[in-house]
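Asker: Okay, handing you the structure first.
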Amino acid sequence: MNGLMDDAAFSRALKSRHRRGNIWQRFFRLSTIVALLALIALFLNIANSAFGYALQDYDIAPTELVEGGDIASLDNARLVAMLAEHQPRRLAVYVRDTLSMVDASVFTTLPLSRVLEGRSYPEALASATIPEVTADDLQTILRDNLTHDQLVSIIEEQVIGINVLRTWSLTDSLTNRAQIEAIAAENPRANLIFRSWLDLNFLSSPMSGNAAVAGIRTAILGSVWVIVITVAFAFPIGVGAAIYLEEYATDTPLNNLIETNIRNLAGVPSIIYGLLGLAIFVRALETITAGRTVLSAGLTMGLLILPVIIINSQEAIRAVPSSIREASFGLGATRWQTIWNQVLPAAMPGILTGTILALSRAIGETAPLIVIGASTFILSDPSSPLSRFTALPIQIYQWTARPQPEFRAAAAGAIIVLLILLLTMNASAIFLRQRYRRKLTA
Amino acid sequence: MTTNRAYAVELKDVNIYYGEKLAVKDVNLSIAHQKITAFIGPSGCGKSTVLRSINRMNDLIPGAKVEGDVVYRSQSLYGRDIDAVEVRRRIGMVFQKPNPFPKSIYDNVAYGPRLLGIRDRKVLNEIVERSLKHSFLWDEVKGDLKKSGLALSGGQQQRLCIARTIAVEPDVILMDEPCSALDPIATQAIEDLMKELVKQYTIVIVTHNMQQAQRVSDYTAFYSIRKEVETEGKEKRWGVLVEYAPTETLFNQPSHEETERYIRGEFG
Ligand SMILES: Nc1ncnc2c1ncn2[C@@H]1O[C@H](COP(=O)(O)OP(=O)(O)O)[C@@H](O)[C@H]1O
Ligand SMILES: [Mg+2]
């Protein structure tokens, strides 16, 4: 005999071999199902909070303020007048919260030339202090310095005072209609509306202490600013380092050590990068970054994704067939000509894919931003790298941490926006990769 | 450039190492001007290694080292003031696997001239047309120069690579088994092309196909492998040039017994 088992033993063994295979197959299918269920649960959970009935009432109904109730159609002067009419004593407070250039403790004692430095105010009042300024002049100052949007949101919040009395989840809204209406009937002044917390107003409104009118414009702009600075910082340096390591660096122990360390850095928890950013950008380089600004955040995020960009770019560069390099050198190209004309174009889709994926990680990062001190409440949009800012994940974190349930609904809306942003970025990465694959096989 | 000299390239006592490992030893060889010289020999005997030392492609391999002298038109190629980039522009190379750039046919051919700083569209057009005609590819692609070089057949790709090489007007063209990835018809086309090109260029071709060497070359260099048992179970192997002669002589009256055995197909 040739040493193989006889037929009976073979079929017995075969059965058990198949059985073992089937068990594994079932296990893999189960894993996939669990992952899928987790994903569905996540989406349902978010949707459940982001949509549903809300019971709202007003201090003063918009229709009582203006014919038709459309506040936004009024001009600045009318809006300020409205504010003065309903809250005559709070005008100075609004100046302090929205316009003051000095610390609150000296707001009432310094002259206007300091308090409103760089803003517009009547020339004659330059040396006056806030308590000396008349209500009319305060109105002028608010009218000339605040944007229309800012005024509208102040009116909505402070005068109209939309007040969310209660919110219901999507499932409750769909299944418990009768009970919800009964509760609504107990509050005759309030109206029950079916509310999508994610709508155009939500996207375009600034932050607010009132969930009913709060939006995420400031947070979106903050995230965009941070990401732009992150790319501008991390992309050239990351790709440059990858080119150096792949194309120039020789196989010395030092270079190997550097490579290994870059790999390790990619695994360092993001909060550590936050601490690093705090020490370097916020504190040590404060004269350049102006402290807790978009610039500091962008640079910190840049540090965070730098190793990932380097590693991805290295892999993309390494994947360029050496035959292309040889062909280029063989025609008398210098090393740089070869890199610029052949290696980089061929590696670019891979580099971009890696960078986009790294950025989509950065855009959702929360810990480093908390550590370097993103603003938790801020009304003005970031307008330069030296602006203070908040960002989407910070906003979500803030809102979910609040006790009022309506803020959780708003947070769910913001989460949807963040997820859409992430999915779009990942989809574009996949798209790039596919297009590249098609081009190579053409 | 003196074109009436008999030899384009001379290798003198050349040893080539990869790191510590000796790859070829004691190669002495003079490559005749405007002739086709073939390198034959068993796999691993260092044909490619020697070929790549002629245009300093070995420089790109970390640890590769050339001892002895490679003289091109009375200049030592490994001399202090010689720039490898300049060497490769004068001594072009065609590789075993056709390797067009993932660019259009036009851009493939114009690549070399552009490296030299030629930007003028009219000049480039002329060079591209001349090179493609010269490599017998023009008629097949003239209607669609924008097509990707990768969309051509294997044989066409290899001729594109040759067109790309002659676009920078080199003096010597090195070909490392240029037909080994091609079918017989495409091979025939390349061989015809070589016979045409040799009127202007000096050609060195590595081939594993002895019929090909006989068909196209004027001179043939036969390399073989030497072995030495170093310690138990470990042996050193390096390549040597066994015999170098006009192709006729080498195949019909080889002066070494090893050559005779090789061309009779007894090893390799
Ligand atoms: N890049 C390289 N690094 C190290 N050793 C190499 C390299 N290229 C070739 N060699 C070695 O050099 C010897 C000759 O190789 P090669 O010139 O490719 O032979 P041939 O072309 O005749 O088949 C072989 O032993 C091979 O293993
Ligand atoms: Mg070879």
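Residue numbering restarts at 1 in every chain; chains get A, B, ... in the order shown in the structure tokens, and ligands count up from 1 in that same order.
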Can you pull out the residues contacting Thr49 of chain B? Cut-off 8 Å, using only C-alpha atoms, and skip same-chain residues under 3 positions away; I want them as a list in words.

Answerer: Ile16, Ala23, Val24, Gly46, Arg52, Ser53 and Asn58 of chain B

Asker: Could those selected residues go to a file with N, CA, C and O atoms, as a PDB file, in the first residue's frame?

Answerer:
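Final output, selection.pdb:
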```
ATOM      1  N   ILE B  16      32.425  42.636 -10.174  1.00  0.00           N
ATOM      2  CA  ILE B  16      31.236  43.317  -9.652  1.00  0.00           C
ATOM      3  C   ILE B  16      30.725  42.579  -8.423  1.00  0.00           C
ATOM      4  O   ILE B  16      30.641  41.347  -8.415  1.00  0.00           O
ATOM      5  N   ALA B  23      29.795  38.835  -7.739  1.00  0.00           N
ATOM      6  CA  ALA B  23      28.834  38.352  -8.739  1.00  0.00           C
ATOM      7  C   ALA B  23      29.526  37.969 -10.045  1.00  0.00           C
ATOM      8  O   ALA B  23      29.230  36.931 -10.621  1.00  0.00           O
ATOM      9  N   VAL B  24      30.432  38.811 -10.529  1.00  0.00           N
ATOM     10  CA  VAL B  24      31.229  38.431 -11.707  1.00  0.00           C
ATOM     11  C   VAL B  24      32.683  38.832 -11.482  1.00  0.00           C
ATOM     12  O   VAL B  24      32.975  39.810 -10.791  1.00  0.00           O
ATOM     13  N   GLY B  46      25.607  36.250 -14.538  1.00  0.00           N
ATOM     14  CA  GLY B  46      26.007  37.648 -14.421  1.00  0.00           C
ATOM     15  C   GLY B  46      25.924  38.454 -15.702  1.00  0.00           C
ATOM     16  O   GLY B  46      26.500  39.541 -15.793  1.00  0.00           O
ATOM     17  N   ARG B  52      24.473  45.934 -16.932  1.00  0.00           N
ATOM     18  CA  ARG B  52      24.063  47.109 -16.158  1.00  0.00           C
ATOM     19  C   ARG B  52      25.255  47.922 -15.665  1.00  0.00           C
ATOM     20  O   ARG B  52      25.095  49.086 -15.304  1.00  0.00           O
ATOM     21  N   SER B  53      26.427  47.291 -15.654  1.00  0.00           N
ATOM     22  CA  SER B  53      27.595  48.072 -15.226  1.00  0.00           C
ATOM     23  C   SER B  53      28.010  49.037 -16.334  1.00  0.00           C
ATOM     24  O   SER B  53      28.722  49.996 -16.090  1.00  0.00           O
ATOM     25  N   ASN B  58      23.798  49.797 -12.074  1.00  0.00           N
ATOM     26  CA  ASN B  58      24.078  49.138 -10.795  1.00  0.00           C
ATOM     27  C   ASN B  58      24.164  50.127  -9.642  1.00  0.00           C
ATOM     28  O   ASN B  58      23.965  49.759  -8.499  1.00  0.00           O
TER      29      ASN B  58
END
```

Asker: Could you tell me which residues of chain A sit within 7 Å of chain B when counting only C-alpha atoms, and give me the result as a JSON list (two decimals) with all heavy atoms, in the first residue's frame?

Answerer:
```json
[["chain", "number", "residue", "atom", "x", "y", "z"],
["A", 323, "SER", "N", 10.15, 48.84, -12.12],
["A", 323, "SER", "CA", 10.46, 48.91, -13.55],
["A", 323, "SER", "C", 10.26, 50.34, -14.08],
["A", 323, "SER", "O", 10.98, 50.78, -14.97],
["A", 323, "SER", "CB", 9.56, 47.94, -14.31],
["A", 323, "SER", "OG", 8.22, 48.34, -14.22],
["A", 324, "ILE", "N", 9.31, 51.06, -13.49],
["A", 324, "ILE", "CA", 9.08, 52.44, -13.93],
["A", 324, "ILE", "C", 10.26, 53.32, -13.53],
["A", 324, "ILE", "O", 10.74, 54.15, -14.30],
["A", 324, "ILE", "CB", 7.77, 52.98, -13.32],
["A", 324, "ILE", "CG1", 6.59, 52.28, -13.98],
["A", 324, "ILE", "CG2", 7.67, 54.49, -13.50],
["A", 324, "ILE", "CD1", 5.26, 52.84, -13.57],
["A", 327, "ALA", "N", 13.18, 52.49, -15.81],
["A", 327, "ALA", "CA", 13.00, 53.06, -17.14],
["A", 327, "ALA", "C", 13.38, 54.53, -17.13],
["A", 327, "ALA", "O", 14.06, 55.02, -18.03],
["A", 327, "ALA", "CB", 11.56, 52.89, -17.59],
["A", 330, "GLY", "N", 17.06, 54.94, -16.67],
["A", 330, "GLY", "CA", 17.72, 54.46, -17.88],
["A", 330, "GLY", "C", 17.72, 55.48, -19.01],
["A", 330, "GLY", "O", 18.52, 55.42, -19.92],
["A", 331, "LEU", "N", 16.76, 56.42, -18.94],
["A", 331, "LEU", "CA", 16.71, 57.46, -19.97],
["A", 331, "LEU", "C", 17.50, 58.69, -19.58],
["A", 331, "LEU", "O", 17.46, 59.72, -20.26],
["A", 331, "LEU", "CB", 15.25, 57.85, -20.23],
["A", 331, "LEU", "CG", 14.45, 56.77, -20.97],
["A", 331, "LEU", "CD1", 12.98, 57.06, -20.90],
["A", 331, "LEU", "CD2", 14.91, 56.70, -22.42],
["A", 332, "GLY", "N", 18.19, 58.59, -18.47],
["A", 332, "GLY", "CA", 19.01, 59.72, -18.07],
["A", 332, "GLY", "C", 18.29, 60.72, -17.19],
["A", 332, "GLY", "O", 18.60, 61.91, -17.22],
["A", 333, "ALA", "N", 17.31, 60.24, -16.41],
["A", 333, "ALA", "CA", 16.64, 61.14, -15.48],
["A", 333, "ALA", "C", 17.44, 61.19, -14.18],
["A", 333, "ALA", "O", 18.05, 60.21, -13.79],
["A", 333, "ALA", "CB", 15.23, 60.64, -15.18],
["A", 334, "THR", "N", 17.42, 62.35, -13.53],
["A", 334, "THR", "CA", 18.03, 62.43, -12.21],
["A", 334, "THR", "C", 17.05, 61.81, -11.21],
["A", 334, "THR", "O", 15.92, 61.50, -11.56],
["A", 334, "THR", "CB", 18.28, 63.89, -11.79],
["A", 334, "THR", "OG1", 17.01, 64.54, -11.74],
["A", 334, "THR", "CG2", 19.16, 64.60, -12.79],
["A", 442, "ALA", "N", -5.69, 49.61, -17.54],
["A", 442, "ALA", "CA", -6.16, 50.02, -18.87],
["A", 442, "ALA", "C", -5.18, 49.58, -19.95],
["A", 442, "ALA", "O", -3.99, 49.74, -19.81],
["A", 442, "ALA", "CB", -6.36, 51.52, -18.93]]
```

Asker: Do you know which residues are within 10 Å of ligand 1 using only C-alpha atoms and all ligand atoms? Can you write them as a PyMOL selection string?

Answerer: chain B and resi 16-24+39-53+58+60-64+176-177+206-208+223-225+236-239

Asker: Would you give me, as a PyMOL selection string, the residues in segment 25-213 of chain B that DSSP reads as strand (DSSP E)?

Answerer: chain B and resi 25-32+36-40+64-72+75-76+91-94+172-176+202-206

Asker: Can I get the selection written as a short mmCIF file (atom, residue, chain, number, x, y, z; two decimals), in the first residue's frame, with C-alpha atoms?

Answerer:
```cif
data_model
loop_
_atom_site.label_atom_id
_atom_site.label_comp_id
_atom_site.auth_asym_id
_atom_site.auth_seq_id
_atom_site.Cartn_x
_atom_site.Cartn_y
_atom_site.Cartn_z
CA LYS B 25 34.98 38.24 -11.80
CA ASP B 26 37.70 39.35 -14.20
CA VAL B 27 35.69 40.40 -17.19
CA ASN B 28 37.73 41.76 -20.07
CA LEU B 29 35.71 42.67 -23.09
CA SER B 30 35.77 45.21 -25.91
CA ILE B 31 32.45 46.06 -27.52
CA ALA B 32 32.75 46.92 -31.18
CA ILE B 36 25.62 43.89 -32.18
CA THR B 37 27.28 42.09 -29.34
CA ALA B 38 25.37 39.26 -27.65
CA PHE B 39 25.83 38.02 -24.08
CA ILE B 40 24.87 34.39 -23.61
CA ALA B 64 26.52 47.14 -5.62
CA LYS B 65 30.18 47.84 -6.38
CA VAL B 66 32.24 47.78 -9.56
CA GLU B 67 35.99 47.22 -9.52
CA GLY B 68 38.28 47.59 -12.51
CA ASP B 69 37.55 49.93 -15.34
CA VAL B 70 34.72 50.46 -17.79
CA VAL B 71 35.92 52.71 -20.58
CA TYR B 72 33.55 54.45 -22.92
CA GLN B 75 36.70 57.88 -20.74
CA SER B 76 36.51 55.89 -17.57
CA ILE B 91 24.15 54.57 -23.07
CA GLY B 92 20.44 53.75 -23.11
CA MET B 93 18.73 50.64 -21.86
CA VAL B 94 15.82 48.41 -22.87
CA VAL B 172 25.02 52.66 -27.22
CA ILE B 173 21.81 50.71 -26.53
CA LEU B 174 21.82 47.94 -23.94
CA MET B 175 19.06 45.35 -24.22
CA ASP B 176 18.46 42.86 -21.44
CA THR B 202 26.17 50.14 -30.93
CA ILE B 203 23.97 47.42 -29.46
CA VAL B 204 24.61 44.97 -26.63
CA ILE B 205 21.96 42.34 -26.12
CA VAL B 206 21.58 39.74 -23.41
#
```

Asker: Pick out the residues sitting within 8 Å of Leu203 of chain A, and hand them over as a list in words; count only C-alpha atoms, and ignore anything fewer than 5 positions along from it in its own chain.

Answerer: Leu198, Gly215, Ile216 and Arg217 of chain A
